[in-house]
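Source file protein18.json; content: JSON, N, CA and C atoms.
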```
[["chain", "number", "residue", "atom", "x", "y", "z"],
["C", 548, "MET", "N", 87.25, 218.70, 69.45],
["C", 548, "MET", "CA", 85.87, 218.99, 69.10],
["C", 548, "MET", "C", 85.13, 217.66, 68.91],
["C", 549, "SER", "N", 83.93, 217.60, 69.43],
["C", 549, "SER", "CA", 83.10, 216.42, 69.31],
["C", 549, "SER", "C", 82.19, 216.55, 68.10],
["C", 550, "GLN", "N", 82.02, 215.49, 67.35],
["C", 550, "GLN", "CA", 81.15, 215.51, 66.19],
["C", 550, "GLN", "C", 79.87, 214.73, 66.42],
["C", 551, "SER", "N", 79.71, 214.09, 67.58],
["C", 551, "SER", "CA", 78.57, 213.18, 67.73],
["C", 551, "SER", "C", 77.76, 213.34, 69.01],
["C", 552, "LYS", "N", 77.95, 214.40, 69.76],
["C", 552, "LYS", "CA", 77.23, 214.53, 71.02],
["C", 552, "LYS", "C", 75.81, 215.06, 70.84],
["C", 553, "PHE", "N", 75.48, 215.59, 69.67],
["C", 553, "PHE", "CA", 74.15, 216.12, 69.39],
["C", 553, "PHE", "C", 73.63, 215.52, 68.10],
["C", 554, "VAL", "N", 72.33, 215.39, 68.01],
["C", 554, "VAL", "CA", 71.71, 214.86, 66.79],
["C", 554, "VAL", "C", 70.64, 215.83, 66.30],
["C", 555, "SER", "N", 70.47, 215.82, 65.02],
["C", 555, "SER", "CA", 69.39, 216.55, 64.37],
["C", 555, "SER", "C", 68.36, 215.50, 63.98],
["C", 556, "ILE", "N", 67.14, 215.65, 64.47],
["C", 556, "ILE", "CA", 66.11, 214.64, 64.25],
["C", 556, "ILE", "C", 65.29, 214.91, 62.99],
["C", 557, "ASN", "N", 64.89, 216.16, 62.81],
["C", 557, "ASN", "CA", 64.01, 216.52, 61.70],
["C", 557, "ASN", "C", 64.56, 217.80, 61.08],
["C", 558, "GLU", "N", 64.54, 217.90, 59.77],
["C", 558, "GLU", "CA", 65.13, 219.07, 59.12],
["C", 558, "GLU", "C", 64.43, 220.38, 59.49],
["C", 559, "SER", "N", 63.20, 220.32, 59.98],
["C", 559, "SER", "CA", 62.50, 221.54, 60.37],
["C", 559, "SER", "C", 62.77, 221.94, 61.82],
["C", 560, "ASP", "N", 63.48, 221.10, 62.58],
["C", 560, "ASP", "CA", 63.79, 221.40, 63.98],
["C", 560, "ASP", "C", 64.69, 222.63, 64.09],
["C", 561, "ASN", "N", 64.44, 223.46, 65.09],
["C", 561, "ASN", "CA", 65.36, 224.57, 65.37],
["C", 561, "ASN", "C", 66.15, 224.30, 66.65],
["C", 562, "VAL", "N", 66.18, 223.02, 67.05],
["C", 562, "VAL", "CA", 66.97, 222.57, 68.19],
["C", 562, "VAL", "C", 67.77, 221.34, 67.79],
["C", 563, "LEU", "N", 68.82, 221.08, 68.55],
["C", 563, "LEU", "CA", 69.58, 219.83, 68.45],
["C", 563, "LEU", "C", 69.44, 219.12, 69.79],
["C", 564, "ILE", "N", 69.39, 217.80, 69.76],
["C", 564, "ILE", "CA", 69.19, 217.00, 70.96],
["C", 564, "ILE", "C", 70.52, 216.38, 71.40],
["C", 565, "CYS", "N", 70.81, 216.52, 72.69],
["C", 565, "CYS", "CA", 72.05, 215.98, 73.24],
["C", 565, "CYS", "C", 71.92, 214.46, 73.43],
["C", 566, "CYS", "N", 72.86, 213.70, 72.87],
["C", 566, "CYS", "CA", 72.83, 212.24, 73.03],
["C", 566, "CYS", "C", 74.02, 211.73, 73.83],
["C", 567, "GLN", "N", 74.91, 212.63, 74.23],
["C", 567, "GLN", "CA", 76.03, 212.30, 75.11],
["C", 567, "GLN", "C", 76.36, 213.58, 75.87],
["C", 568, "ALA", "N", 76.43, 213.51, 77.18],
["C", 568, "ALA", "CA", 76.65, 214.72, 78.00],
["C", 568, "ALA", "C", 77.79, 215.57, 77.44],
["C", 569, "ALA", "N", 77.57, 216.88, 77.44],
["C", 569, "ALA", "CA", 78.55, 217.83, 76.92],
["C", 569, "ALA", "C", 78.82, 218.89, 77.99],
["C", 570, "SER", "N", 80.01, 219.44, 77.97],
["C", 570, "SER", "CA", 80.45, 220.37, 79.01],
["C", 570, "SER", "C", 80.59, 221.80, 78.50],
["C", 571, "ALA", "N", 80.38, 222.73, 79.41],
["C", 571, "ALA", "CA", 80.61, 224.14, 79.10],
["C", 571, "ALA", "C", 82.04, 224.30, 78.58],
["C", 572, "GLY", "N", 82.20, 225.11, 77.57],
["C", 572, "GLY", "CA", 83.52, 225.33, 76.98],
["C", 572, "GLY", "C", 83.82, 224.44, 75.78],
["C", 573, "GLU", "N", 83.04, 223.38, 75.61],
["C", 573, "GLU", "CA", 83.22, 222.50, 74.46],
["C", 573, "GLU", "C", 82.70, 223.16, 73.19],
["C", 574, "THR", "N", 83.29, 222.79, 72.08],
["C", 574, "THR", "CA", 82.75, 223.14, 70.78],
["C", 574, "THR", "C", 82.29, 221.84, 70.15],
["C", 575, "VAL", "N", 81.03, 221.80, 69.78],
["C", 575, "VAL", "CA", 80.48, 220.59, 69.16],
["C", 575, "VAL", "C", 80.06, 220.93, 67.73],
["C", 576, "GLY", "N", 80.11, 219.94, 66.88],
["C", 576, "GLY", "CA", 79.77, 220.15, 65.49],
["C", 576, "GLY", "C", 78.75, 219.15, 65.00],
["C", 577, "ILE", "N", 77.90, 219.63, 64.10],
["C", 577, "ILE", "CA", 76.93, 218.78, 63.43],
["C", 577, "ILE", "C", 76.52, 219.48, 62.14],
["C", 578, "ASP", "N", 76.37, 218.73, 61.08],
["C", 578, "ASP", "CA", 75.96, 219.28, 59.79],
["C", 578, "ASP", "C", 76.82, 220.47, 59.37],
["C", 579, "GLU", "N", 78.12, 220.36, 59.56],
["C", 579, "GLU", "CA", 79.08, 221.40, 59.17],
["C", 579, "GLU", "C", 78.92, 222.71, 59.94],
["C", 580, "GLN", "N", 78.13, 222.72, 61.00],
["C", 580, "GLN", "CA", 77.95, 223.89, 61.87],
["C", 580, "GLN", "C", 78.61, 223.58, 63.21],
["C", 581, "HIS", "N", 79.21, 224.59, 63.83],
["C", 581, "HIS", "CA", 79.85, 224.41, 65.13],
["C", 581, "HIS", "C", 79.16, 225.27, 66.17],
["C", 582, "TYR", "N", 79.05, 224.73, 67.38],
["C", 582, "TYR", "CA", 78.36, 225.39, 68.47],
["C", 582, "TYR", "C", 79.28, 225.42, 69.68],
["C", 583, "ASN", "N", 79.48, 226.60, 70.26],
["C", 583, "ASN", "CA", 80.28, 226.76, 71.46],
["C", 583, "ASN", "C", 79.34, 226.72, 72.66],
["C", 584, "LEU", "N", 79.52, 225.75, 73.52],
["C", 584, "LEU", "CA", 78.63, 225.57, 74.66],
["C", 584, "LEU", "C", 79.08, 226.43, 75.83],
["C", 585, "THR", "N", 78.12, 227.14, 76.41],
["C", 585, "THR", "CA", 78.42, 227.99, 77.56],
["C", 585, "THR", "C", 77.97, 227.35, 78.87],
["C", 586, "THR", "N", 77.21, 226.27, 78.78],
["C", 586, "THR", "CA", 76.76, 225.54, 79.98],
["C", 586, "THR", "C", 76.87, 224.05, 79.72],
["C", 587, "ASP", "N", 76.88, 223.26, 80.80],
["C", 587, "ASP", "CA", 76.83, 221.81, 80.67],
["C", 587, "ASP", "C", 75.46, 221.43, 80.12],
["C", 588, "ILE", "N", 75.42, 220.43, 79.25],
["C", 588, "ILE", "CA", 74.17, 219.96, 78.66],
["C", 588, "ILE", "C", 74.03, 218.47, 78.94],
["C", 589, "ASP", "N", 72.92, 218.09, 79.55],
["C", 589, "ASP", "CA", 72.66, 216.68, 79.86],
["C", 589, "ASP", "C", 72.00, 215.97, 78.69],
["C", 590, "VAL", "N", 72.11, 214.67, 78.67],
["C", 590, "VAL", "CA", 71.47, 213.83, 77.65],
["C", 590, "VAL", "C", 69.97, 214.12, 77.61],
["C", 591, "GLY", "N", 69.46, 214.28, 76.41],
["C", 591, "GLY", "CA", 68.03, 214.54, 76.20],
["C", 591, "GLY", "C", 67.68, 216.02, 76.18],
["C", 592, "HIS", "N", 68.60, 216.86, 76.62],
["C", 592, "HIS", "CA", 68.34, 218.30, 76.61],
["C", 592, "HIS", "C", 68.63, 218.87, 75.22],
["C", 593, "LYS", "N", 68.25, 220.13, 75.03],
["C", 593, "LYS", "CA", 68.32, 220.75, 73.71],
["C", 593, "LYS", "C", 69.23, 221.96, 73.72],
["C", 594, "ILE", "N", 69.83, 222.24, 72.55],
["C", 594, "ILE", "CA", 70.47, 223.52, 72.31],
["C", 594, "ILE", "C", 69.83, 224.11, 71.06],
["C", 595, "SER", "N", 69.92, 225.42, 70.97],
["C", 595, "SER", "CA", 69.32, 226.12, 69.84],
["C", 595, "SER", "C", 70.18, 225.93, 68.59],
["C", 596, "ARG", "N", 69.54, 225.61, 67.50],
["C", 596, "ARG", "CA", 70.21, 225.43, 66.22],
["C", 596, "ARG", "C", 70.35, 226.77, 65.49],
["C", 597, "GLU", "N", 69.58, 227.76, 65.95],
["C", 597, "GLU", "CA", 69.58, 229.09, 65.34],
["C", 597, "GLU", "C", 69.23, 230.11, 66.41],
["C", 598, "ASN", "N", 69.43, 231.38, 66.12],
["C", 598, "ASN", "CA", 69.01, 232.43, 67.04],
["C", 598, "ASN", "C", 67.49, 232.47, 67.07],
["C", 599, "LEU", "N", 66.91, 232.43, 68.26],
["C", 599, "LEU", "CA", 65.46, 232.44, 68.44],
["C", 599, "LEU", "C", 65.05, 233.70, 69.19],
["C", 600, "MET", "N", 63.93, 234.26, 68.81],
["C", 600, "MET", "CA", 63.41, 235.48, 69.43],
["C", 600, "MET", "C", 62.28, 235.13, 70.40],
["C", 601, "VAL", "N", 62.06, 236.02, 71.37],
["C", 601, "VAL", "CA", 60.96, 235.85, 72.32],
["C", 601, "VAL", "C", 59.68, 235.56, 71.55],
["C", 602, "GLY", "N", 58.95, 234.53, 71.98],
["C", 602, "GLY", "CA", 57.68, 234.16, 71.36],
["C", 602, "GLY", "C", 57.81, 233.19, 70.20],
["C", 603, "GLN", "N", 59.00, 233.01, 69.68],
["C", 603, "GLN", "CA", 59.19, 232.09, 68.55],
["C", 603, "GLN", "C", 58.99, 230.66, 69.01],
["C", 604, "GLN", "N", 58.35, 229.86, 68.17],
["C", 604, "GLN", "CA", 58.11, 228.46, 68.51],
["C", 604, "GLN", "C", 59.41, 227.67, 68.54],
["C", 605, "ILE", "N", 59.48, 226.74, 69.50],
["C", 605, "ILE", "CA", 60.57, 225.77, 69.60],
["C", 605, "ILE", "C", 60.08, 224.52, 68.89],
["C", 606, "ILE", "N", 60.81, 224.08, 67.87],
["C", 606, "ILE", "CA", 60.42, 222.92, 67.06],
["C", 606, "ILE", "C", 61.37, 221.76, 67.35],
["C", 607, "ARG", "N", 60.81, 220.65, 67.85],
["C", 607, "ARG", "CA", 61.57, 219.43, 68.12],
["C", 607, "ARG", "C", 60.81, 218.26, 67.52],
["C", 608, "TYR", "N", 61.50, 217.36, 66.88],
["C", 608, "TYR", "CA", 60.90, 216.19, 66.22],
["C", 608, "TYR", "C", 59.89, 216.62, 65.16],
["C", 609, "GLY", "N", 60.08, 217.83, 64.61],
["C", 609, "GLY", "CA", 59.20, 218.31, 63.54],
["C", 609, "GLY", "C", 57.91, 218.94, 64.02],
["C", 610, "VAL", "N", 57.72, 219.08, 65.33],
["C", 610, "VAL", "CA", 56.49, 219.67, 65.85],
["C", 610, "VAL", "C", 56.82, 220.72, 66.91],
["C", 611, "PRO", "N", 55.97, 221.75, 67.04],
["C", 611, "PRO", "CA", 56.22, 222.76, 68.07],
["C", 611, "PRO", "C", 55.98, 222.17, 69.47],
["C", 612, "ILE", "N", 56.92, 222.48, 70.38],
["C", 612, "ILE", "CA", 56.79, 221.99, 71.77],
["C", 612, "ILE", "C", 56.60, 223.14, 72.75],
["C", 613, "GLY", "N", 56.75, 224.37, 72.28],
["C", 613, "GLY", "CA", 56.61, 225.52, 73.16],
["C", 613, "GLY", "C", 57.13, 226.76, 72.47],
["C", 614, "SER", "N", 57.30, 227.82, 73.27],
["C", 614, "SER", "CA", 57.77, 229.11, 72.76],
["C", 614, "SER", "C", 58.90, 229.64, 73.63],
["C", 615, "ALA", "N", 59.77, 230.40, 73.01],
["C", 615, "ALA", "CA", 60.87, 231.04, 73.73],
["C", 615, "ALA", "C", 60.32, 232.14, 74.63],
["C", 616, "THR", "N", 60.77, 232.17, 75.88],
["C", 616, "THR", "CA", 60.35, 233.22, 76.81],
["C", 616, "THR", "C", 61.40, 234.33, 76.90],
["C", 617, "SER", "N", 62.54, 234.11, 76.24],
["C", 617, "SER", "CA", 63.59, 235.13, 76.12],
["C", 617, "SER", "C", 64.30, 234.86, 74.81],
["C", 618, "ASN", "N", 65.09, 235.81, 74.35],
["C", 618, "ASN", "CA", 65.88, 235.56, 73.16],
["C", 618, "ASN", "C", 66.89, 234.47, 73.47],
["C", 619, "ILE", "N", 67.09, 233.55, 72.54],
["C", 619, "ILE", "CA", 67.97, 232.41, 72.75],
["C", 619, "ILE", "C", 69.01, 232.41, 71.64],
["C", 620, "ALA", "N", 70.28, 232.49, 72.02],
["C", 620, "ALA", "CA", 71.37, 232.52, 71.05],
["C", 620, "ALA", "C", 71.65, 231.13, 70.49],
["C", 621, "ILE", "N", 72.20, 231.10, 69.31],
["C", 621, "ILE", "CA", 72.58, 229.83, 68.69],
["C", 621, "ILE", "C", 73.52, 229.08, 69.64],
["C", 622, "GLY", "N", 73.24, 227.79, 69.85],
["C", 622, "GLY", "CA", 74.05, 226.95, 70.73],
["C", 622, "GLY", "C", 73.67, 227.02, 72.19],
["C", 623, "GLU", "N", 72.74, 227.89, 72.55],
["C", 623, "GLU", "CA", 72.35, 228.05, 73.96],
["C", 623, "GLU", "C", 71.43, 226.91, 74.40],
["C", 624, "HIS", "N", 71.58, 226.52, 75.65],
["C", 624, "HIS", "CA", 70.73, 225.49, 76.27],
["C", 624, "HIS", "C", 69.29, 225.98, 76.28],
["C", 625, "ILE", "N", 68.37, 225.12, 75.86],
["C", 625, "ILE", "CA", 66.93, 225.44, 75.89],
["C", 625, "ILE", "C", 66.28, 224.52, 76.91],
["C", 626, "HIS", "N", 65.63, 225.12, 77.89],
["C", 626, "HIS", "CA", 64.94, 224.36, 78.93],
["C", 626, "HIS", "C", 63.93, 225.28, 79.60],
["C", 627, "LEU", "N", 63.48, 224.94, 80.78],
["C", 627, "LEU", "CA", 62.43, 225.69, 81.47],
["C", 627, "LEU", "C", 62.80, 227.14, 81.77],
["C", 628, "HIS", "N", 64.07, 227.46, 81.80],
["C", 628, "HIS", "CA", 64.49, 228.83, 82.11],
["C", 628, "HIS", "C", 64.29, 229.79, 80.93],
["C", 629, "ASN", "N", 64.09, 229.28, 79.72],
["C", 629, "ASN", "CA", 63.94, 230.17, 78.57],
["C", 629, "ASN", "C", 62.89, 229.71, 77.56],
["C", 630, "MET", "N", 62.06, 228.77, 77.95],
["C", 630, "MET", "CA", 60.95, 228.36, 77.10],
["C", 630, "MET", "C", 59.76, 227.97, 77.95],
["C", 631, "LYS", "N", 58.58, 228.00, 77.33],
["C", 631, "LYS", "CA", 57.37, 227.56, 78.03],
["C", 631, "LYS", "C", 56.58, 226.68, 77.08],
["C", 632, "SER", "N", 55.82, 225.79, 77.68],
["C", 632, "SER", "CA", 54.91, 224.96, 76.89],
["C", 632, "SER", "C", 53.76, 225.83, 76.40],
["C", 633, "ASP", "N", 53.34, 225.63, 75.19],
["C", 633, "ASP", "CA", 52.15, 226.31, 74.67],
["C", 633, "ASP", "C", 50.90, 225.48, 74.91],
["C", 634, "TYR", "N", 51.04, 224.34, 75.58],
["C", 634, "TYR", "CA", 49.94, 223.39, 75.70],
["C", 634, "TYR", "C", 49.52, 223.10, 77.13],
["C", 635, "ILE", "N", 50.47, 223.17, 78.07],
["C", 635, "ILE", "CA", 50.16, 222.93, 79.49],
["C", 635, "ILE", "C", 50.79, 224.06, 80.30],
["C", 636, "PRO", "N", 50.26, 224.35, 81.49],
["C", 636, "PRO", "CA", 50.78, 225.48, 82.28],
["C", 636, "PRO", "C", 52.28, 225.40, 82.57],
["C", 637, "SER", "N", 52.80, 224.23, 82.87],
["C", 637, "SER", "CA", 54.23, 224.08, 83.10],
["C", 637, "SER", "C", 54.61, 222.64, 82.81],
["C", 638, "HIS", "N", 55.87, 222.44, 82.53],
["C", 638, "HIS", "CA", 56.37, 221.10, 82.24],
["C", 638, "HIS", "C", 57.30, 220.71, 83.38],
["C", 639, "THR", "N", 56.71, 220.16, 84.42],
["C", 639, "THR", "CA", 57.49, 219.74, 85.58],
["C", 639, "THR", "C", 57.08, 218.33, 85.96],
["C", 640, "ARG", "N", 57.76, 217.81, 86.92],
["C", 640, "ARG", "CA", 57.42, 216.46, 87.38],
["C", 640, "ARG", "C", 56.45, 216.50, 88.55],
["C", 641, "GLN", "N", 56.00, 217.67, 88.94],
["C", 641, "GLN", "CA", 55.01, 217.77, 90.01],
["C", 641, "GLN", "C", 53.65, 217.36, 89.48],
["C", 642, "SER", "N", 52.82, 216.84, 90.38],
["C", 642, "SER", "CA", 51.46, 216.50, 89.98],
["C", 642, "SER", "C", 50.65, 217.78, 89.81],
["C", 643, "ILE", "N", 49.51, 217.69, 89.21],
["C", 643, "ILE", "CA", 48.66, 218.84, 88.98],
["C", 643, "ILE", "C", 48.24, 219.48, 90.31],
["C", 644, "THR", "N", 48.07, 218.69, 91.33],
["C", 644, "THR", "CA", 47.64, 219.22, 92.63],
["C", 644, "THR", "C", 48.82, 219.80, 93.41],
["C", 645, "GLY", "N", 50.02, 219.67, 92.90],
["C", 645, "GLY", "CA", 51.20, 220.23, 93.57],
["C", 645, "GLY", "C", 51.78, 219.34, 94.63],
["C", 646, "GLU", "N", 51.31, 218.11, 94.72],
["C", 646, "GLU", "CA", 51.81, 217.18, 95.74],
["C", 646, "GLU", "C", 53.10, 216.54, 95.30]]
```
Show the structure stored in the file as structure tokens.
Amino acid sequence: MSQSKFVSINESDNVLICCQAASAGETVGIDEQHYNLTTDIDVGHKISRENLMVGQQIIRYGVPIGSATSNIAIGEHIHLHNMKSDYIPSHTRQSITGE
């Protein structure tokens, strides 16, 4: 079990941030809580620190960054497939004109 692949940035965050790539099947621990990963998680990506419901705000670095578009289980990868920005239409690397 890894104890250092994820960090908690702010006590109000409902996500943990990956600081070292983690693999599906791993169990990672932080703050005396353990999370069983079902997918590979890349550096900078997030997992849920708690069970989140559709529409619930995603809090990272102490501020809301978007909302859950589906129910998200504790330890589940959070990204574009299950969250949306509440501030911009989409969070992609494409330009606004789609070029």
Problem - Who sits within 5 Å of stretch 568-572 of chain C, all atoms listed in the file, same chain under 4 positions skipped, as a list in words - result: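 Answer for this query is Leu584, Thr585, Thr586, Asp587, Ile588, Asp589 and Val590 of chain C.
The shortest atom-to-atom distance to C:Gly576, with only N, CA and C atoms taken into account, belongs to C:Ser551 out of C:Glu558, C:Ser551, C:Lys593, C:Ala615.
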Exercise for the section: Find the residue from C:Ile625, C:Val554, C:Ile619, C:Val610 that sits nearest to C:Gln567; use only N, CA and C atoms when measuring. Expected result: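 The shortest atom-to-atom distance to C:Gln567 comes from C:Val554.
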Practice task
Compare C:Ile621, C:Ile605, C:Ile612, C:Val562 by their minimum atom-to-atom distance to C:Asp633, counting only N, CA and C atoms, and give me the closest one.
Solution key: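 Residue with the minimum atom-to-atom distance to C:Asp633: C:Ile612.
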Problem - Atom pair atom C of C:Tyr634 / atom CA of C:Val601: separation (Å) - result: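 So the answer is 17.8 Å.
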Could you pull the residues within 5 Å of C:Met600, counting all atoms listed in the file, minus those fewer than 3 positions along the same chain, as a tab-separated table (two decimals) with N, CA and C atoms, in the frame of the given file?
```tsv
chain	number	residue	atom	x	y	z
C	603	GLN	N	59.00	233.01	69.68
C	603	GLN	CA	59.19	232.09	68.55
C	603	GLN	C	58.99	230.66	69.01
C	617	SER	N	62.54	234.11	76.24
C	617	SER	CA	63.59	235.13	76.12
C	617	SER	C	64.30	234.86	74.81
C	618	ASN	N	65.09	235.81	74.35
C	618	ASN	CA	65.88	235.56	73.16
C	618	ASN	C	66.89	234.47	73.47
C	619	ILE	N	67.09	233.55	72.54
C	619	ILE	CA	67.97	232.41	72.75
C	619	ILE	C	69.01	232.41	71.64
```
Exercise for the section: Rounded to one decimal place, report the atom CA of C:Gly613-atom C of C:Asn561 distance in Å. Expected result: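 Going from atom CA of C:Gly613 over to atom C of C:Asn561, I get 11.6 Å.
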Practice task
Pick out the closest residue to C:Gly622 from this set: C:Ile635, C:Asn583, C:Arg607, C:Gly591. Count only C-alpha atoms.
Solution key: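 Residue with the minimum atom-to-atom distance to C:Gly622: C:Asn583.
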Practice task
Go ahead and compute the interatomic distance for atom C of C:His592 and atom CA of C:Lys552, in Å to one decimal.
Solution key: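 Distance between the two atoms: 10.5 Å.
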Practice task
Using backbone DSSP assignments, extract all strand (DSSP E) residues from chain C; output them as a ChimeraX atom specification.
Solution key: /C:553-554,562-565,574-577,580-583,593-595,604-607,610-615,624-625,630-631
Specify the axis-aligned box that encloses all atoms of stretch 627-631 of chain C listed in the file after padding of 4 Å on each side, stating its centre and edge lengths in Å to one decimal as AutoDock Vina command-line options.
```
--center_x 60.5 --center_y 227.6 --center_z 79.6 --size_x 15.9 --size_y 13.2 --size_z 13.0
```
Problem - Radius query 9 Å about (59.0, 215.7, 63.7), atoms used: only C-alpha atoms, as a ChimeraX atom specification - result: /C:556-560,606-611
